[in-house]
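K.L.:
Dumping the structure here so I can ask a few things about it.
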Amino acid sequence: MPSRRTLLAAAAALAGTTMSGCDDNGGTITASARKAPSTPPGRPWILVVPHPDDETLGSGVLMAQHVAAGRDVHILLLTRGMGSNARAQINGTQHSKWWGVAHNPVAEGYAPLTPEAFGAARFAELTAAVGCLGGATVHEAGLTDAGVTVAQAKAAISKLVTEVGRDAGVYAPSWVADDNPDHRAAGQALRELAAEEPRVYGDVRWYVLPPYWTDDRLKQVSWAWVEPTNTDISNRARNACRAYGAWQPPHSYAIGYHSVDYMFAKVDGGPKSMVHT
Ligand SMILES: [Zn+2]
């Protein structure tokens, strides 16, 4: 039986003004003015995110607390999630359960989304959500949605660790309690790296997406809740959800909510994250 314990944030104090910048080309974005000039950057922390929205659903509280503690936070986005069937919903060729009626792009005044436009819109949702969580540097691995391999994920993680510092903490989706192949590949990649190079990967954890919070497979590992340490943290975690529910075509398409509204409802109803070792 896993112990139910709450992880306390390393430090609760917010570290200066938080802002984030965005590159319209979808390349690496760099957060600016995140810390007071006199504050040295904290130890790097890397969150491995297979698709836009995994960070908010699985790690919103976790990430907001790392930013608040002054850590040098990096998002490693493996894919833009271009294969999601939310694209068919928004283009009106598939019914949207969350929206309740079929979309009609002509009547609603927008052009159907190509896979590329859909990917760019998903990236924009992630950028907005990351800003809500306090800001981070976003790196893209450019891998294929539904086709992430363990080898590709290992290469992407190891490249970023080399760039940001070997003392980085690295968190990835659970390799044990998750059925999505991309999530499992990312989790397994971190597991193998930690086994192969324990000195480099001395601070690793795996985060659990909401549908798996009561999964029996968690009995195989030691897991813990990460509860918000204050209302700023829980507000930030909720605000990040809003970034995925914004409907204002052609600027934003609420792709996250079209895709997994029930997961956002769970986070919005009581922000917390679950991690395991
Ligand atoms: Zn995902």
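Starting from 1 in every chain, residues are counted up; chains themselves are A, B, ... following the order of the structure tokens, and ligands are numbered from 1 as listed.
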Write out as a PyMOL selection string the residues lying within 7 Å of Arg122 (chain A), counting only C-alpha atoms and excluding same-chain residues fewer than 6 positions away.
P.N.:
chain A and resi 52+80+255
K.L.:
Go through chain A and flag each residue having an atom no more than 8 Å from ligand 1; for those, report the closest pair of atoms plus their distance in Å to one decimal, using only C-alpha atoms and all ligand atoms, ordered by chain and rising number, as CSV.
P.N.:
residue,atom,partner,partner_atom_place_in_ligand_line,distance
A:Val49,CA,ligand 1,1 (Zn),7.2
A:Pro50,CA,ligand 1,1 (Zn),5.2
A:His51,CA,ligand 1,1 (Zn),4.4
A:Pro52,CA,ligand 1,1 (Zn),6.8
A:Asp53,CA,ligand 1,1 (Zn),6.8
A:Asp54,CA,ligand 1,1 (Zn),5.0
A:Gly81,CA,ligand 1,1 (Zn),7.6
A:Asn180,CA,ligand 1,1 (Zn),7.2
A:Asp182,CA,ligand 1,1 (Zn),7.0
A:His183,CA,ligand 1,1 (Zn),6.1
K.L.:
Please provide as a list in words all residues within 10 Å of Trp99 (chain A), with the sequence filter that same-chain residues fewer than 2 positions apart are discarded (counting only C-alpha atoms).
P.N.:
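Contacts, in chain order: Gln89, Ile90, His95, Ser96, Lys97, Val101, Ala102, His103, Ala254, Tyr257, His258 and Asp261 of chain A.
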K.L.:
Since we have the selection now, will you write its residues out, keeping C-alpha atoms, as an mmCIF file, in the first residue's frame?
P.N.:
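Generated output (part_3.cif):
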data_model
loop_
_atom_site.group_PDB
_atom_site.id
_atom_site.type_symbol
_atom_site.label_atom_id
_atom_site.label_comp_id
_atom_site.auth_asym_id
_atom_site.auth_seq_id
_atom_site.Cartn_x
_atom_site.Cartn_y
_atom_site.Cartn_z
ATOM 1 C CA GLN A 89 -14.006 17.958 -34.158
ATOM 2 C CA ILE A 90 -12.891 21.519 -34.768
ATOM 3 C CA HIS A 95 -18.958 15.387 -33.172
ATOM 4 C CA SER A 96 -17.543 17.155 -30.130
ATOM 5 C CA LYS A 97 -18.963 15.776 -26.898
ATOM 6 C CA VAL A 101 -23.007 20.519 -31.237
ATOM 7 C CA ALA A 102 -20.998 19.950 -34.392
ATOM 8 C CA HIS A 103 -18.686 22.736 -35.469
ATOM 9 C CA ALA A 254 -9.814 25.334 -27.141
ATOM 10 C CA TYR A 257 -10.868 20.945 -23.813
ATOM 11 C CA HIS A 258 -12.205 19.481 -27.084
ATOM 12 C CA ASP A 261 -12.344 18.167 -21.042
#
K.L.:
Could you please determine the separation between CA of Gln65 (chain A) and CA of Phe264 (chain A) in Å, to one decimal place?
P.N.:
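Spanning CA of Gln65 (chain A) to CA of Phe264 (chain A) is a straight-line distance of 19.0 Å.
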K.L.:
Could you give me the residues within region 56-272 of chain A that DSSP places in strand (DSSP E), as a tab-separated table (two decimals) with C-alpha atoms, in the first residue's frame?
P.N.:
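For reference, states-v7.tsv as written:
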chain	number	residue	atom	x	y	z
A	72	ASP	CA	15.55	27.21	-13.76
A	73	VAL	CA	12.53	25.51	-15.37
A	74	HIS	CA	12.63	23.93	-18.84
A	75	ILE	CA	9.86	22.21	-20.81
A	76	LEU	CA	10.95	19.53	-23.27
A	77	LEU	CA	8.01	19.21	-25.69
A	137	THR	CA	12.02	27.92	-21.45
A	138	VAL	CA	10.28	25.67	-23.97
A	139	HIS	CA	12.35	23.31	-26.13
A	140	GLU	CA	10.87	21.28	-28.98
A	169	GLY	CA	16.13	17.37	-12.00
A	170	VAL	CA	14.20	15.52	-14.72
A	171	TYR	CA	10.51	14.51	-14.53
A	172	ALA	CA	8.66	12.52	-17.22
A	173	PRO	CA	5.24	10.84	-17.53
A	204	VAL	CA	14.31	11.88	-11.42
A	205	ARG	CA	10.57	11.39	-10.90
A	206	TRP	CA	7.57	10.37	-12.96
A	207	TYR	CA	4.26	12.25	-13.01
A	223	TRP	CA	4.01	7.59	-5.14
A	224	ALA	CA	3.11	10.89	-3.49
A	225	TRP	CA	0.68	13.76	-3.94
A	226	VAL	CA	2.07	17.22	-4.59
A	247	TRP	CA	-12.31	29.60	-28.01
A	248	GLN	CA	-11.62	32.55	-30.28
A	252	SER	CA	-7.38	29.98	-30.30
A	253	TYR	CA	-9.47	26.83	-30.65
K.L.:
Pro115 (chain A): which residues within 12 Å, counting only C-alpha atoms, same-chain residues fewer than 3 positions away excluded, as a list in words?
P.N.:
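Skipping anything fewer than 3 positions along the chain leaves Arg80, Gly81, Met82, Gly83, Ser84, Asn85, Ala86, Arg87, Ala88, Ile90, Asn91, Pro112, Phe118, Gly119, Ala120, Ala121, Arg122, Thr144 and Asp145 of chain A.
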K.L.:
Output as a tab-separated table one row per residue of region 72-184 of chain A within 10 Å of region 191-198 of chain A: the closest atom pair and its distance in Å to one decimal place, counting only C-alpha atoms, sorted by chain and residue number ascending.
P.N.:
residue	atom	partner	partner_atom	distance
A:Val150	CA	A:Glu192	CA	8.9
A:Ala151	CA	A:Glu192	CA	9.8
A:Lys154	CA	A:Leu193	CA	6.9
A:Ala155	CA	A:Leu193	CA	9.7
A:Ile157	CA	A:Leu193	CA	8.9
A:Ser158	CA	A:Leu193	CA	8.1
A:Val170	CA	A:Ala194	CA	9.7
A:Ala172	CA	A:Arg191	CA	9.1
A:Ser174	CA	A:Arg191	CA	9.6
A:Trp175	CA	A:Arg191	CA	7.9
K.L.:
Only C-alpha atoms, please: the residues just picked out, written as an mmCIF file, in the first residue's frame.
P.N.:
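This went into again_22.cif:
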data_model
loop_
_atom_site.group_PDB
_atom_site.id
_atom_site.type_symbol
_atom_site.label_atom_id
_atom_site.label_comp_id
_atom_site.auth_asym_id
_atom_site.auth_seq_id
_atom_site.Cartn_x
_atom_site.Cartn_y
_atom_site.Cartn_z
ATOM 1 C CA VAL A 150 12.280 5.206 -26.290
ATOM 2 C CA ALA A 151 15.500 5.825 -28.244
ATOM 3 C CA LYS A 154 16.384 9.293 -24.587
ATOM 4 C CA ALA A 155 18.299 11.280 -27.205
ATOM 5 C CA ILE A 157 16.361 14.258 -22.889
ATOM 6 C CA SER A 158 20.091 13.660 -22.887
ATOM 7 C CA VAL A 170 14.199 15.522 -14.723
ATOM 8 C CA ALA A 172 8.664 12.524 -17.223
ATOM 9 C CA SER A 174 4.777 7.556 -15.680
ATOM 10 C CA TRP A 175 6.229 4.486 -17.349
#
K.L.:
Could you tell me which of A:Pro210, A:Gly165, A:Pro249, A:Gly147 comes closest to Pro44 (chain A) if we count only C-alpha atoms?
P.N.:
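Comparing A:Pro210, A:Gly165, A:Pro249, A:Gly147 against Pro44 (chain A), the winner is A:Gly165.
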K.L.:
Can you work out the spacing between CA of Leu160 (chain A) and CA of Ala185 (chain A) in Å, to one decimal?
P.N.:
17.0 Å
K.L.:
Got a sec: who's within 9 Å of Thr56 (chain A), counting only C-alpha atoms, leaving out chain neighbours fewer than 5 positions off, as a VMD selection string?
P.N.:
chain A and resid 61 63 126 129 to 130 133 237 to 238 240 to 241 264 267
K.L.:
Would you put the residues from that selection into a file with N, CA and C atoms, as an mmCIF file, in the first residue's frame?
P.N.:
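After the write, part.cif holds the following:
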data_model
loop_
_atom_site.group_PDB
_atom_site.id
_atom_site.type_symbol
_atom_site.label_atom_id
_atom_site.label_comp_id
_atom_site.auth_asym_id
_atom_site.auth_seq_id
_atom_site.Cartn_x
_atom_site.Cartn_y
_atom_site.Cartn_z
ATOM 1 N N VAL A 61 0.632 21.830 -10.737
ATOM 2 C CA VAL A 61 1.045 22.259 -9.393
ATOM 3 C C VAL A 61 2.551 22.082 -9.218
ATOM 4 N N MET A 63 4.939 22.108 -11.471
ATOM 5 C CA MET A 63 5.724 23.093 -12.190
ATOM 6 C C MET A 63 5.614 24.476 -11.554
ATOM 7 N N LEU A 126 -0.031 25.612 -25.256
ATOM 8 C CA LEU A 126 1.003 25.235 -24.286
ATOM 9 C C LEU A 126 1.786 26.470 -23.825
ATOM 10 N N ALA A 129 -0.252 28.373 -21.391
ATOM 11 C CA ALA A 129 -0.378 27.650 -20.113
ATOM 12 C C ALA A 129 0.918 27.729 -19.312
ATOM 13 N N VAL A 130 2.033 27.578 -19.993
ATOM 14 C CA VAL A 130 3.336 27.648 -19.322
ATOM 15 C C VAL A 130 3.526 29.038 -18.704
ATOM 16 N N LEU A 133 1.702 29.228 -15.495
ATOM 17 C CA LEU A 133 2.356 28.468 -14.423
ATOM 18 C C LEU A 133 3.615 29.170 -13.914
ATOM 19 N N ALA A 237 -2.346 26.875 -11.367
ATOM 20 C CA ALA A 237 -2.664 25.570 -11.968
ATOM 21 C C ALA A 237 -4.024 25.625 -12.669
ATOM 22 N N ARG A 238 -5.007 26.328 -12.068
ATOM 23 C CA ARG A 238 -6.322 26.478 -12.703
ATOM 24 C C ARG A 238 -6.245 27.382 -13.934
ATOM 25 N N ALA A 240 -3.811 27.786 -15.925
ATOM 26 C CA ALA A 240 -3.198 27.053 -17.044
ATOM 27 C C ALA A 240 -4.263 26.240 -17.779
ATOM 28 N N CYS A 241 -5.233 25.694 -17.055
ATOM 29 C CA CYS A 241 -6.344 24.969 -17.702
ATOM 30 C C CYS A 241 -7.103 25.904 -18.638
ATOM 31 N N PHE A 264 -9.342 18.078 -17.604
ATOM 32 C CA PHE A 264 -9.206 19.464 -17.137
ATOM 33 C C PHE A 264 -10.160 19.722 -15.975
ATOM 34 N N VAL A 267 -8.591 18.562 -12.755
ATOM 35 C CA VAL A 267 -7.532 19.448 -12.248
ATOM 36 C C VAL A 267 -8.134 20.758 -11.742
#
K.L.:
Quick one: of A:Thr214, A:Thr162, A:Thr127, A:Ser234, who's nearest to Ala177 (chain A), counting only C-alpha atoms?
P.N.:
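Result for the nearest residue to Ala177 (chain A): A:Thr214.
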